[in-house]
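**Student:** Mind looking over this structure? Questions follow.
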Amino acid sequence: MPDDMDDKILAVLAQHGRLPLGPRELGERDDLYAAGMTSHASISVMLGLEEAFDVEFPDRMLTREVFSSIASIRAALTELAAVA
Amino acid sequence: MTPAGAQFLSGVTAAATVAAAHADDVDRAARFPVEALDALKDAHALSALADGVPFADVAQACQVLGRACSAAGMVFAMHQIEVACLLSTDWSWGRSYLADLSREQRLIGSVTSEVGTGGDMSRSVSSVEPQPDGTCSLVKQAPTVSYGEYADDFLTTTRRGPDAEPGDQVAVLHLREQTTMDKTGTWDPLGMRGTCSPGFVVTASFAPEQVHPQPYVTLGAETMVPVSHLLWGHLWVGIALEAFERAKRSVRSSGPGGVKAQRLSELHGRLSATRAQLAEGLARWQVEYAEPGRPALQTMGATLRHNVLKTSISTSVAQITQGALEVTGIAGYRNDSPLSIGRLLRDALSAALMVSNDRLHETNASLLMVVKET
């Protein structure tokens with residue numbers, strides 16, 4: 001269900017990312033921080049993703065890199081889903 | 001201890017004696033601790049990290065200097081932070097600069113704060129501006145530049161380019177001869193008076209190779225922030241330790257026992273806890289810094305730990321120093337007494353403001369929502 005996963009990621013980014021552009025206007029590898037996501041907004045995004053996907057990111061995944069693009073967020077969520 | 005470390009610490013101890021002899025005058029006149037810095041240069045201490053002195057010994061040196069003259073200690077600590085940044089990654093320009101620094105004992109200042117960012121060091125207004133001739137320039141309005149008039153060279157944070165987001169920062173090492181400093185303010189603070197840190201408009205022209213190869217977000221998380229908090233922490237503990245020793249002398253002269261002796265014991269407990277926290281922070285950072293790729297230092301858990309190290313130590317040292325004033329009583333309150341606590345307390349109070357504890361608590365409050373191990 002990758003499309004469903006992407007829709008949910010985009011919905012969380014739209015709600016919490018405080019990006020000047022809508023998340024659907026971003027490429028999946030575009031740097032969200034370069035697109036204007038602040039570190040404060042990124043924490044809201046993490047909390048939003050944990051709630052939307054009912055997961056907990058372990059501390060080793062709580063890095064700037066993991067939340068820097070739609071693709072890297074998807075990779076982290078896929079990794080968590082594989083373990084679960 | 002390594003031979004380099006032992007030789008370094010004996011040089012620093014000698015410089016600390018010089019620093020202590022001038023500390024009150026430096027404070028009174030709000031003047032640069034020139035004698036202490038000359039002694040540190042004579043001891044070849046400014047290039048310690050580049051010359052292979054272990055980091056823990058440089059941290060210890062900050063504590064030794066902090067006991068003697070907090071302003072000299074702060075200048076030394078800040079300079080070592082900049083050197084640590086130059087050593088954080090393989091950078092050929094930085095390496096050749098460090099060879100010059102080692103030979104000439106050059107002093108590096110930092111230009112991190114900026115007008116218009118509300119005290120947030122992770123955002124910049126100014127930027128690296130490429131020039132038609134292939135060089136680069138930057139213009140930065142800094143509300144404070146520590147020892148700005150006395151630094152030989154500067155490490156300045158700024159946006160990567162004119163189109164970069166405020167958080168897309170780099171650090172630039174520019175030499176004094178490439179830099180124009182226009183002073184914008186005066187300097188008459190409560191404490192840390194010898195750091196001589198008024199505001200400046202900093203204008204620099206430099207080669208593209210002088211831009212640090214790591215993005216500032218990486219340099220800051222791995223090196224600049226933890227090293228700052230660790231070295232400042234040692235220097236601040238040095239202030240508290242000196243205040244504690246004065247309080248101890250005061251109790252010894254009035255005889256053991258009684259309320260003052262009990263308060264001294266309480267201060268000792270707080271001081272020990274503070275030192276233990278600092279030692280633990282230093283040990284963990286060193287382990288994580290040595291790991292290939294430094295993955296642990298990229299995590300928000302590391303940011304949380306480095307921030308709380310700063311907020312707790314800065315708060316404790318001010319409380320311990322104030323506690324020492326209460327133990328020493330009027331002798332400590334007087335400026336013209338060997339037990340005087342005044343300068344130490346005024347200096348210790350700067351710790352909570354130097355990178356605002358309020359701002360760090362705000363960041364940590366939000367990090368606590370996501371970090372699991374706390």
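Following the order of the structure tokens, chains are lettered A, B, ..., residues in each are numbered from 1, and ligands are numbered from 1.
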Run DSSP on the backbone and give me the residues of chain A it puts in alpha helix (DSSP H), as a PyMOL selection string.
**Tutor:** chain A and resi 2-16+39-53+70-83
**Student:** Please provide as a list in words all residues within 9 Å of region 23-27 of chain B, with the sequence filter that same-chain residues fewer than 6 positions apart are discarded (counting only C-alpha atoms).
**Tutor:**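 These residues fall inside the cut-off: Pro33, Val34, Ala68, Cys69, Ser70, Ala71, Ala72, Gly191, Met192, Arg193, Gly194 and Arg343 of chain B.
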**Student:** Which distance in Å separates CA of Gln60 (chain B) and CA of Gln80 (chain B), to one decimal?
**Tutor:** 12.3 Å
**Student:** If we count only C-alpha atoms, what is near Ser350 (chain B) at a cut-off of 12 Å, once residues fewer than 6 positions away on the same chain are taken out, given as a ChimeraX atom specification?
**Tutor:** /B:70-71,74,189-193,195,232,235-236,239,311,314-315,317-318,343-344,356-357
**Student:** Atoms to include: C-alpha atoms. Write the selected residues as a PDB file, in the first residue's frame.
**Tutor:**
```
ATOM      1  CA  SER B  70      36.972  33.734  33.991  1.00  0.00           C
ATOM      2  CA  ALA B  71      37.429  36.207  31.136  1.00  0.00           C
ATOM      3  CA  MET B  74      36.380  32.204  28.273  1.00  0.00           C
ATOM      4  CA  PRO B 189      28.491  44.447  31.190  1.00  0.00           C
ATOM      5  CA  LEU B 190      27.796  42.978  34.629  1.00  0.00           C
ATOM      6  CA  GLY B 191      30.371  40.207  34.348  1.00  0.00           C
ATOM      7  CA  MET B 192      32.798  38.470  31.989  1.00  0.00           C
ATOM      8  CA  ARG B 193      33.984  42.023  31.460  1.00  0.00           C
ATOM      9  CA  THR B 195      35.924  39.228  27.128  1.00  0.00           C
ATOM     10  CA  TRP B 232      32.229  26.437  28.864  1.00  0.00           C
ATOM     11  CA  LEU B 235      35.333  27.004  32.753  1.00  0.00           C
ATOM     12  CA  TRP B 236      32.116  27.660  34.703  1.00  0.00           C
ATOM     13  CA  ILE B 239      34.456  29.686  38.752  1.00  0.00           C
ATOM     14  CA  THR B 311      21.335  24.456  31.153  1.00  0.00           C
ATOM     15  CA  SER B 314      25.159  26.951  34.036  1.00  0.00           C
ATOM     16  CA  THR B 315      22.349  26.998  36.599  1.00  0.00           C
ATOM     17  CA  VAL B 317      27.464  27.089  39.032  1.00  0.00           C
ATOM     18  CA  ALA B 318      25.543  30.300  39.645  1.00  0.00           C
ATOM     19  CA  ARG B 343      33.529  39.062  40.467  1.00  0.00           C
ATOM     20  CA  LEU B 344      33.013  35.295  40.525  1.00  0.00           C
ATOM     21  CA  SER B 356      19.928  31.566  26.528  1.00  0.00           C
ATOM     22  CA  ASN B 357      18.829  28.798  28.856  1.00  0.00           C
TER      23      ASN B 357
END
```
**Student:** What are the nearest atom pairs, with distances in Å to one decimal, for all residues of chain B that come at most 7 Å from chain A, using only C-alpha atoms, set out by chain and rising residue number as JSON lines?
**Tutor:**
```
{"residue": "B:Glu165", "atom": "CA", "partner": "A:Ala34", "partner_atom": "CA", "distance": 6.0}
{"residue": "B:Asp168", "atom": "CA", "partner": "A:Ala34", "partner_atom": "CA", "distance": 6.8}
{"residue": "B:Gln298", "atom": "CA", "partner": "A:Thr63", "partner_atom": "CA", "distance": 5.6}
{"residue": "B:Thr299", "atom": "CA", "partner": "A:Thr63", "partner_atom": "CA", "distance": 4.5}
{"residue": "B:Met300", "atom": "CA", "partner": "A:Leu62", "partner_atom": "CA", "distance": 5.7}
{"residue": "B:Gly301", "atom": "CA", "partner": "A:Asp59", "partner_atom": "CA", "distance": 6.5}
{"residue": "B:Val370", "atom": "CA", "partner": "A:Leu47", "partner_atom": "CA", "distance": 6.7}
{"residue": "B:Val371", "atom": "CA", "partner": "A:Asp59", "partner_atom": "CA", "distance": 5.9}
{"residue": "B:Lys372", "atom": "CA", "partner": "A:Asp59", "partner_atom": "CA", "distance": 6.1}
```
**Student:** Convert the current residue selection to file output with N, CA and C atoms, as a PDB file, in the first residue's frame.
**Tutor:**
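For reference, again-v7.pdb as written:
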```
ATOM      1  N   GLU B 165      17.969  29.101   2.348  1.00  0.00           N
ATOM      2  CA  GLU B 165      17.057  29.285   3.482  1.00  0.00           C
ATOM      3  C   GLU B 165      17.856  29.754   4.711  1.00  0.00           C
ATOM      4  N   ASP B 168      20.079  27.122   6.237  1.00  0.00           N
ATOM      5  CA  ASP B 168      21.085  26.461   5.385  1.00  0.00           C
ATOM      6  C   ASP B 168      22.405  27.219   5.534  1.00  0.00           C
ATOM      7  N   GLN B 298      24.147  12.603  15.431  1.00  0.00           N
ATOM      8  CA  GLN B 298      23.134  13.177  14.522  1.00  0.00           C
ATOM      9  C   GLN B 298      21.747  13.123  15.139  1.00  0.00           C
ATOM     10  N   THR B 299      21.600  12.410  16.251  1.00  0.00           N
ATOM     11  CA  THR B 299      20.253  12.180  16.769  1.00  0.00           C
ATOM     12  C   THR B 299      19.767  13.337  17.643  1.00  0.00           C
ATOM     13  N   MET B 300      18.451  13.416  17.744  1.00  0.00           N
ATOM     14  CA  MET B 300      17.856  14.454  18.586  1.00  0.00           C
ATOM     15  C   MET B 300      18.133  14.176  20.059  1.00  0.00           C
ATOM     16  N   GLY B 301      18.328  12.888  20.375  1.00  0.00           N
ATOM     17  CA  GLY B 301      18.700  12.549  21.750  1.00  0.00           C
ATOM     18  C   GLY B 301      20.015  13.218  22.138  1.00  0.00           C
ATOM     19  N   VAL B 370       9.510  13.681  21.521  1.00  0.00           N
ATOM     20  CA  VAL B 370       9.808  12.614  20.555  1.00  0.00           C
ATOM     21  C   VAL B 370      10.939  11.678  20.989  1.00  0.00           C
ATOM     22  N   VAL B 371      11.915  12.202  21.765  1.00  0.00           N
ATOM     23  CA  VAL B 371      13.042  11.350  22.165  1.00  0.00           C
ATOM     24  C   VAL B 371      12.560  10.331  23.188  1.00  0.00           C
ATOM     25  N   LYS B 372      12.958   9.060  23.012  1.00  0.00           N
ATOM     26  CA  LYS B 372      12.445   8.003  23.883  1.00  0.00           C
ATOM     27  C   LYS B 372      13.310   7.835  25.135  1.00  0.00           C
TER      28      LYS B 372
END
```
**Student:** Do you know which residues are at most 7 Å from region 85-93 of chain B counting only C-alpha atoms, after dropping those on the same chain fewer than 6 positions away, and could you put them as a ChimeraX atom specification?
**Tutor:** /B:209-210,213,219,223-224
**Student:** Only N, CA and C atoms, please: the residues just picked out, written as a compact mmCIF listing (two decimals), in the first residue's frame.
**Tutor:**
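Below is the file again_14.txt, written as the result:
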```
# COMPACT_ATOMS: atom_id res chain seq x y z
N GLU B 209 37.56 28.39 -0.82
CA GLU B 209 38.12 27.27 -0.02
C GLU B 209 38.05 27.55 1.48
N GLN B 210 37.80 28.80 1.85
CA GLN B 210 37.76 29.14 3.28
C GLN B 210 36.41 28.83 3.93
N PRO B 213 33.96 22.75 4.95
CA PRO B 213 33.28 21.80 4.06
C PRO B 213 32.03 21.16 4.65
N LEU B 219 28.28 20.42 11.46
CA LEU B 219 29.39 20.93 12.28
C LEU B 219 28.89 21.31 13.68
N THR B 223 30.17 18.96 16.61
CA THR B 223 31.37 19.56 17.17
C THR B 223 31.08 20.87 17.92
N MET B 224 30.59 21.88 17.20
CA MET B 224 30.58 23.20 17.82
C MET B 224 29.71 23.27 19.08
```
**Student:** Could you list, as a list in words, every residue within 12 Å of Thr78 (chain A), counting only C-alpha atoms and ignoring same-chain residues fewer than 2 positions away?
**Tutor:**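 Contacts, in chain order: Met1, Pro2, Met5, Asp6, Ile9, Phe53, Val55, Phe57, Ala71, Ser72, Ile73, Arg74, Ala75, Ala76, Leu80, Ala81, Ala82, Val83 and Ala84 of chain A.
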**Student:** Set the distance at 9 Å and use only C-alpha atoms: which residues neighbour region 105-107 of chain B once local chain neighbours fewer than 3 positions away are removed? I'd like the list as a PyMOL selection string.
**Tutor:** chain B and resi 40-42+44-47+75-76+79+100-102+150-154
**Student:** Those same residues, written as a CSV table (one decimal), in the first residue's frame with N, CA and C atoms?
**Tutor:**
```csv
chain,number,residue,atom,x,y,z
B,40,LEU,N,49.6,32.4,27.5
B,40,LEU,CA,49.1,31.2,26.9
B,40,LEU,C,49.8,31.0,25.5
B,41,LYS,N,50.0,32.1,24.8
B,41,LYS,CA,50.7,32.0,23.5
B,41,LYS,C,52.2,31.5,23.7
B,42,ASP,N,52.8,32.1,24.8
B,42,ASP,CA,54.2,31.7,25.1
B,42,ASP,C,54.3,30.2,25.4
B,44,HIS,N,52.5,28.0,24.0
B,44,HIS,CA,52.0,27.3,22.8
B,44,HIS,C,50.7,26.7,23.0
B,45,ALA,N,49.9,27.3,23.9
B,45,ALA,CA,48.6,26.6,24.3
B,45,ALA,C,47.5,26.8,23.3
B,46,LEU,N,47.6,27.8,22.5
B,46,LEU,CA,46.5,28.1,21.5
B,46,LEU,C,46.3,27.1,20.5
B,47,SER,N,47.4,26.3,20.2
B,47,SER,CA,47.3,25.3,19.1
B,47,SER,C,47.3,23.9,19.7
B,75,VAL,N,37.9,33.4,26.8
B,75,VAL,CA,38.6,33.7,25.6
B,75,VAL,C,39.3,32.4,25.1
B,76,PHE,N,40.0,31.7,26.0
B,76,PHE,CA,40.7,30.5,25.7
B,76,PHE,C,39.7,29.4,25.2
B,79,HIS,N,38.2,30.2,21.8
B,79,HIS,CA,39.2,29.9,20.7
B,79,HIS,C,39.4,28.4,20.5
B,100,ASP,N,49.7,27.5,10.3
B,100,ASP,CA,50.1,28.9,10.6
B,100,ASP,C,49.7,29.2,12.1
B,101,LEU,N,48.5,28.7,12.5
B,101,LEU,CA,48.1,29.0,13.9
B,101,LEU,C,49.1,28.5,14.9
B,102,SER,N,49.6,27.2,14.6
B,102,SER,CA,50.5,26.6,15.5
B,102,SER,C,51.8,27.4,15.6
B,150,TYR,N,40.4,41.8,19.4
B,150,TYR,CA,41.7,41.2,19.7
B,150,TYR,C,41.9,39.9,19.0
B,151,ALA,N,40.9,39.4,18.3
B,151,ALA,CA,41.0,38.1,17.6
B,151,ALA,C,41.9,38.4,16.3
B,152,ASP,N,42.7,37.4,15.9
B,152,ASP,CA,43.5,37.5,14.7
B,152,ASP,C,42.6,37.1,13.5
B,153,ASP,N,41.8,36.1,13.7
B,153,ASP,CA,40.9,35.6,12.6
B,153,ASP,C,39.6,35.3,13.2
B,154,PHE,N,38.6,34.9,12.3
B,154,PHE,CA,37.2,34.7,12.7
B,154,PHE,C,36.6,33.5,12.1
```
**Student:** Of the candidates B:His174, B:Lys140, B:Arg28, B:Arg252, which one gets nearest to Glu114 (chain B) if we count only C-alpha atoms?
**Tutor:** B:Lys140
**Student:** Which residue out of A:Ser68, A:Glu51, A:Val45, A:Arg29 has the minimum interatomic distance to Leu13 (chain A) when only C-alpha atoms are used?
**Tutor:** A:Val45
**Student:** Find, counting only C-alpha atoms, the residue in B:Leu98, B:Ile341, B:Ala43, B:Ala352 that gets nearest to Ala247 (chain B).
**Tutor:**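 Nearest candidate to Ala247 (chain B) out of B:Leu98, B:Ile341, B:Ala43, B:Ala352: B:Ile341.
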**Student:** Applying 7 Å and only C-alpha atoms, which residues near Ser250 (chain B) remain after dropping the ones on its own chain fewer than 4 positions away? List them as a list in words.
**Tutor:** Arg246, Ser254 and Thr328 of chain B
**Student:** Keeping only C-alpha atoms, take the residues you just selected and write them out as a PDB file, in the first residue's frame.
**Tutor:**
```
ATOM      1  CA  ARG B 246      37.039  30.785  49.223  1.00  0.00           C
ATOM      2  CA  SER B 254      36.109  30.619  61.825  1.00  0.00           C
ATOM      3  CA  THR B 328      31.664  33.881  53.328  1.00  0.00           C
TER       4      THR B 328
END
```
**Student:** Please measure the separation of CA of Gly323 (chain B) and CA of Gly342 (chain B), giving the value in Å to one decimal.
**Tutor:**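 For CA of Gly323 (chain B) relative to CA of Gly342 (chain B), the distance reads 12.1 Å.
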**Student:** Which residue gives the smallest distance to Pro226 (chain B) among B:Cys196, B:Ala283, B:Val128, B:Val201, with only C-alpha atoms counted?
**Tutor:**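 Answer, going by the shortest atom-to-atom distance: B:Ala283.
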**Student:** Select, from B:Leu241, B:Val53, B:Leu230, B:Ala164, the residue with the minimum atom-to-atom distance to Leu65 (chain B), counting only C-alpha atoms.
**Tutor:** B:Leu241
**Student:** Kindly give the distance, in Å, that separates CA of Ala15 (chain B) and CA of Ala39 (chain B), rounded to a single decimal.
**Tutor:** 5.0 Å
